[in-house]
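S.K.: Got a structure here, written out as structure tokens. Questions coming.
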Amino acid sequence: MIIGHGGNKTALARELGCHVDEVVDMSANINPLGPPERIIQVIRDHVSTIQQLPEPDARSMVQGFARYHGIDPGTVIAGNGTTWFIYTLPLALQAQHVLILGPTYSDYADACRMHHIEPEFWIAPPETGFVPDLESVSNKAAHADLVFVCNPNNPTGVLLDPSVIITLLQRHPRTCFVVDESYLPFVADGDDRSLVHAGEYANLLVLSSMSKIFAIPGLRTGFLSGATGLIEKVRSYSQPWNVNALAQVVINDIYNHPEQIVPFYKKTRAFIAREKHWFLKEQADIPGLVPVAGHTGFVLARLQYHTAPQVCRRVGQDRILIRDCTNFHGLNYRFVRFSLKDRENNRKLGVSLKKALSQ
Ligand SMILES: Cc1ncc(COP(=O)(O)O)c(C=O)c1O
């Protein structure tokens with residue numbers, strides 16, 4: 001198994017001798033509002049579907065996604081989370097020179113290594129707030145056949161304007177750009193910024209995770225969309241029943257009620273904006289913690305005097321899990337990431353961080 005993901009609630013609960021539900025997981029970037037209300041009932045009502053095989057290619061789900069975005073269903077594949085695509089892309093596209101814009105989600109690199117490719121990185125420096133420089137990224141992209149871009153980026157929260165990515169697509173028509181938009185639905189004007197609609201580029205693929213925004217990571221669902229030629233290459237690696245029956249029921253239900261999607265997004269965005277504003281304002285006086293300005297509900301923060309393992313351990317004693325970012329390529333032991341939740345838990349985190357950083 002590939003190593004490098006965030007915290008593990010079960011391991012912390014075991015260490016503290018408490019029940020797993022007593023641990024607040026602020027290390028995973030999941031919608032703090034939880035899934036749309038109707039989802040749990042939909043699952044209850046359709047439990048019996050596990051007795052049958054689902055659609056082998058999750059066709060209804062694909063059609064729902066395509067209908068919602070106004071794109072051709074032939075340019076969409078459904079998968080077992082976007083993770084399945086990330087680990088399949090280097091192989092399906094026969095990539096040899098992969099470039100990763102970092103610091104970013106470690107699975108892009110792990111996926112390359114799984115296929116015996118050592119990726120190259122272009123690391124945005126902290127002094128620029130981790131904002132990539134178009135010209136130097138473009139120079140590097142000229143030598144790559146596959147480029148991973150996470151927008152907005154995990155863990156920095158940096159949001160690229162779509163025009164930056166489009167410039168790269170136009171300058172490097174022979175390079176495939178995979179744009180991971182897993183956190184874009186959390187961004188205020190996320191729908192307008194999405195490249196899911198940019199079907200005219202023959203070198204673009206877009207990853208859309210259902211796990212984060214709909215808070216259903218356990219169901220394992222995501223989409224890949226983009227240029228027909230590239231999609232066909234990936235499709236030839238798809239396995240039947242890649243998306244399980246309950247996951248298909250849930251995603252079909254979401255796209256069969258498109259009128260509920262935008263209100264859910266708006267509610268989520270408003271909640272996150274309010275909590276983030278409150279946390280950063282109220283907790284501005286946490287000594288030695290410097291948040292990086294980002295556009296997501298998760299916050300990357302630099303530790304001035306402490307190390308991430310120390311701080312995570314101390315906050316862990318208060319049964320709060322935050323992410324030690326030491327193992328992100330391009331970051332180091334001075335960075336932690338936390339995903340804001342409701343006010344009560346955010347307040348607890350602030351108190352715990354203050355305590356941890358004053359020791
Ligand atoms: C940027 C990014 N992309 C993709 C994933 C994978 O998500 P999933 O496989 O649940 O769609 C994650 C998970 O943390 C992520 O942070």
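Residues are referred to by chain and number: the chain letter is A, B, ... according to the order shown in the structure tokens, the number counts from 1 in that chain, and ligands are numbered separately from 1 in the order shown.
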Considering only C-alpha atoms, return as a PyMOL selection string whatever protein or nucleic-acid residues lie within 7 Å of Val243 in chain A, sequence-local ones (same chain, fewer than 6 positions apart) excluded.
M.R.: chain A and resi 58+79-80+221
S.K.: Would you name the residues within 10 Å of ligand 1, counting only C-alpha atoms and all ligand atoms, and put them as number ranges by chain?
M.R.: A: 5-6, 27-30, 79-87, 104-108, 149-155, 179-184, 207-213, 215-223
S.K.: For Ile50 in chain A, which residue out of A:Trp241, A:Tyr201, A:Phe121, A:Phe298 is the nearest one, using only C-alpha atoms?
M.R.: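 Distance minimum relative to Ile50 in chain A lands on A:Trp241.
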S.K.: Set out as CSV a contact list for range 56-109 of chain A and range 256-275 of chain A with a cut-off of 10 Å, giving each residue of range 56-109 of chain A that qualifies its closest atom pair and distance in Å to one decimal, counting only C-alpha atoms, ordered by chain and rising residue number.
M.R.:
residue,atom,partner,partner_atom,distance
A:Ser60,CA,A:Asn256,CA,9.9
A:Met61,CA,A:Asn256,CA,9.5
A:Gly64,CA,A:Asn256,CA,6.9
A:Phe65,CA,A:Asn256,CA,9.7
A:Arg67,CA,A:Pro258,CA,9.3
A:Tyr68,CA,A:Pro258,CA,6.8
S.K.: Just to be explicit: take each residue in the selection above, keep all heavy atoms, and write the result as a PDB file, in the first residue's frame.
M.R.:
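Written out: selection26.pdb:
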ATOM      1  N   SER A  60     -25.449   5.359 -15.844  1.00  0.00           N
ATOM      2  CA  SER A  60     -26.429   6.378 -15.417  1.00  0.00           C
ATOM      3  C   SER A  60     -25.724   7.505 -14.680  1.00  0.00           C
ATOM      4  O   SER A  60     -26.042   8.690 -14.833  1.00  0.00           O
ATOM      5  CB  SER A  60     -27.494   5.758 -14.513  1.00  0.00           C
ATOM      6  OG  SER A  60     -28.083   4.670 -15.156  1.00  0.00           O
ATOM      7  N   MET A  61     -24.765   7.116 -13.870  1.00  0.00           N
ATOM      8  CA  MET A  61     -24.007   8.100 -13.096  1.00  0.00           C
ATOM      9  C   MET A  61     -23.235   9.044 -14.017  1.00  0.00           C
ATOM     10  O   MET A  61     -23.204  10.251 -13.833  1.00  0.00           O
ATOM     11  CB  MET A  61     -23.013   7.278 -12.260  1.00  0.00           C
ATOM     12  CG  MET A  61     -22.686   7.806 -10.944  1.00  0.00           C
ATOM     13  SD  MET A  61     -21.626   6.594 -10.121  1.00  0.00           S
ATOM     14  CE  MET A  61     -20.117   7.516 -10.026  1.00  0.00           C
ATOM     15  N   GLY A  64     -25.598  11.378 -15.607  1.00  0.00           N
ATOM     16  CA  GLY A  64     -26.015  12.423 -14.655  1.00  0.00           C
ATOM     17  C   GLY A  64     -24.963  13.522 -14.554  1.00  0.00           C
ATOM     18  O   GLY A  64     -25.280  14.715 -14.616  1.00  0.00           O
ATOM     19  N   PHE A  65     -23.705  13.141 -14.439  1.00  0.00           N
ATOM     20  CA  PHE A  65     -22.605  14.111 -14.336  1.00  0.00           C
ATOM     21  C   PHE A  65     -22.538  14.950 -15.616  1.00  0.00           C
ATOM     22  O   PHE A  65     -22.432  16.170 -15.581  1.00  0.00           O
ATOM     23  CB  PHE A  65     -21.285  13.350 -14.124  1.00  0.00           C
ATOM     24  CG  PHE A  65     -20.065  14.225 -13.993  1.00  0.00           C
ATOM     25  CD1 PHE A  65     -19.691  14.755 -12.757  1.00  0.00           C
ATOM     26  CD2 PHE A  65     -19.277  14.511 -15.101  1.00  0.00           C
ATOM     27  CE1 PHE A  65     -18.552  15.547 -12.635  1.00  0.00           C
ATOM     28  CE2 PHE A  65     -18.140  15.313 -14.986  1.00  0.00           C
ATOM     29  CZ  PHE A  65     -17.775  15.826 -13.747  1.00  0.00           C
ATOM     30  N   ARG A  67     -24.901  15.462 -17.874  1.00  0.00           N
ATOM     31  CA  ARG A  67     -26.103  16.313 -18.001  1.00  0.00           C
ATOM     32  C   ARG A  67     -25.942  17.564 -17.143  1.00  0.00           C
ATOM     33  O   ARG A  67     -26.181  18.675 -17.569  1.00  0.00           O
ATOM     34  CB  ARG A  67     -27.307  15.487 -17.540  1.00  0.00           C
ATOM     35  CG  ARG A  67     -28.648  15.950 -18.041  1.00  0.00           C
ATOM     36  CD  ARG A  67     -29.744  14.942 -17.748  1.00  0.00           C
ATOM     37  NE  ARG A  67     -29.745  14.454 -16.376  1.00  0.00           N
ATOM     38  CZ  ARG A  67     -29.600  13.175 -16.028  1.00  0.00           C
ATOM     39  NH1 ARG A  67     -29.419  12.259 -16.943  1.00  0.00           N
ATOM     40  NH2 ARG A  67     -29.611  12.807 -14.752  1.00  0.00           N
ATOM     41  N   TYR A  68     -25.494  17.352 -15.907  1.00  0.00           N
ATOM     42  CA  TYR A  68     -25.356  18.488 -14.987  1.00  0.00           C
ATOM     43  C   TYR A  68     -24.374  19.526 -15.534  1.00  0.00           C
ATOM     44  O   TYR A  68     -24.595  20.726 -15.440  1.00  0.00           O
ATOM     45  CB  TYR A  68     -24.911  17.985 -13.615  1.00  0.00           C
ATOM     46  CG  TYR A  68     -24.749  19.111 -12.621  1.00  0.00           C
ATOM     47  CD1 TYR A  68     -25.868  19.736 -12.086  1.00  0.00           C
ATOM     48  CD2 TYR A  68     -23.485  19.568 -12.245  1.00  0.00           C
ATOM     49  CE1 TYR A  68     -25.740  20.797 -11.204  1.00  0.00           C
ATOM     50  CE2 TYR A  68     -23.350  20.628 -11.367  1.00  0.00           C
ATOM     51  CZ  TYR A  68     -24.480  21.224 -10.853  1.00  0.00           C
ATOM     52  OH  TYR A  68     -24.343  22.285  -9.983  1.00  0.00           O
TER      53      TYR A  68
END
S.K.: Output as JSON, numbers by chain all residues of range 2-236 of chain A that backbone DSSP marks as strand (DSSP E or B).
M.R.: {"A": [24, 25, 76, 77, 78, 79, 98, 99, 100, 101, 102, 120, 121, 122, 123, 146, 147, 148, 149, 150, 176, 177, 178, 179, 180, 204, 205, 206, 207, 208, 209, 222, 223, 224, 225, 226]}
S.K.: Would you pick out the contacts of range 302-316 of chain A at 8 Å or less, using only C-alpha atoms, so that residues sharing its chain but fewer than 4 positions from it are not included, and give the list as a VMD selection string?
M.R.: chain A and resid 12 288 to 292 320 to 326 333 to 336 349 352 to 353 356 to 357
S.K.: Which residues come within 10 Å of Val137 in chain A, counting only C-alpha atoms, excluding same-chain residues fewer than 2 positions away, as a list in words?
M.R.: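 After dropping sequence-adjacent residues, the list is Leu99, Ile100, Leu101, Phe121, Trp122, Ile123, Ala124, Pro132, Asp133, Leu134, Glu135, Asn139, Lys140, Ala141, Ala142 and Leu168 of chain A.
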S.K.: Could you turn the residues from that selection into a file that holds C-alpha atoms, as a PDB file, in the first residue's frame?
M.R.:
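Okay, this is what ended up in selection_4.pdb:
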ATOM      1  CA  LEU A  99       5.724  16.930 -13.899  1.00  0.00           C
ATOM      2  CA  ILE A 100       3.942  17.673 -10.632  1.00  0.00           C
ATOM      3  CA  LEU A 101       3.177  21.215  -9.476  1.00  0.00           C
ATOM      4  CA  PHE A 121       8.468  18.553  -9.345  1.00  0.00           C
ATOM      5  CA  TRP A 122       8.040  22.247  -9.813  1.00  0.00           C
ATOM      6  CA  ILE A 123       7.787  23.530  -6.259  1.00  0.00           C
ATOM      7  CA  ALA A 124       6.186  26.920  -5.628  1.00  0.00           C
ATOM      8  CA  PRO A 132       3.212  29.017  -9.082  1.00  0.00           C
ATOM      9  CA  ASP A 133       5.002  31.183 -11.602  1.00  0.00           C
ATOM     10  CA  LEU A 134       3.534  30.585 -15.052  1.00  0.00           C
ATOM     11  CA  GLU A 135       6.738  31.084 -17.044  1.00  0.00           C
ATOM     12  CA  ASN A 139       9.484  25.911 -19.196  1.00  0.00           C
ATOM     13  CA  LYS A 140       9.333  22.685 -17.207  1.00  0.00           C
ATOM     14  CA  ALA A 141       6.074  21.540 -18.811  1.00  0.00           C
ATOM     15  CA  ALA A 142       7.774  21.727 -22.215  1.00  0.00           C
ATOM     16  CA  LEU A 168      -0.307  26.045 -20.518  1.00  0.00           C
TER      17      LEU A 168
END
S.K.: Would you pick out the contacts of Leu204 in chain A at 9 Å or less, using only C-alpha atoms, so that residues sharing its chain but fewer than 4 positions from it are not included, and give the list as a VMD selection string?
M.R.: chain A and resid 169 175 to 179 195 198 to 200 225 to 227 230
S.K.: Between A:Met26, A:Thr49, A:Ala13, A:Pro287, which has the minimum distance to Asn346 in chain A (counting only C-alpha atoms)?
M.R.: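 The closest residue to Asn346 in chain A is A:Met26.
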S.K.: When distances are computed from only C-alpha atoms, which of A:Thr128, A:Ser48, A:Asn244, A:Asn332 shows the smallest separation from Ala78 in chain A?
M.R.: A:Asn244
S.K.: Can you tell me how far CA of Gly350 in chain A sits from CA of Leu33 in chain A, in Å to one decimal?
M.R.: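 About the pair CA of Gly350 in chain A and CA of Leu33 in chain A: they are 19.6 Å apart.
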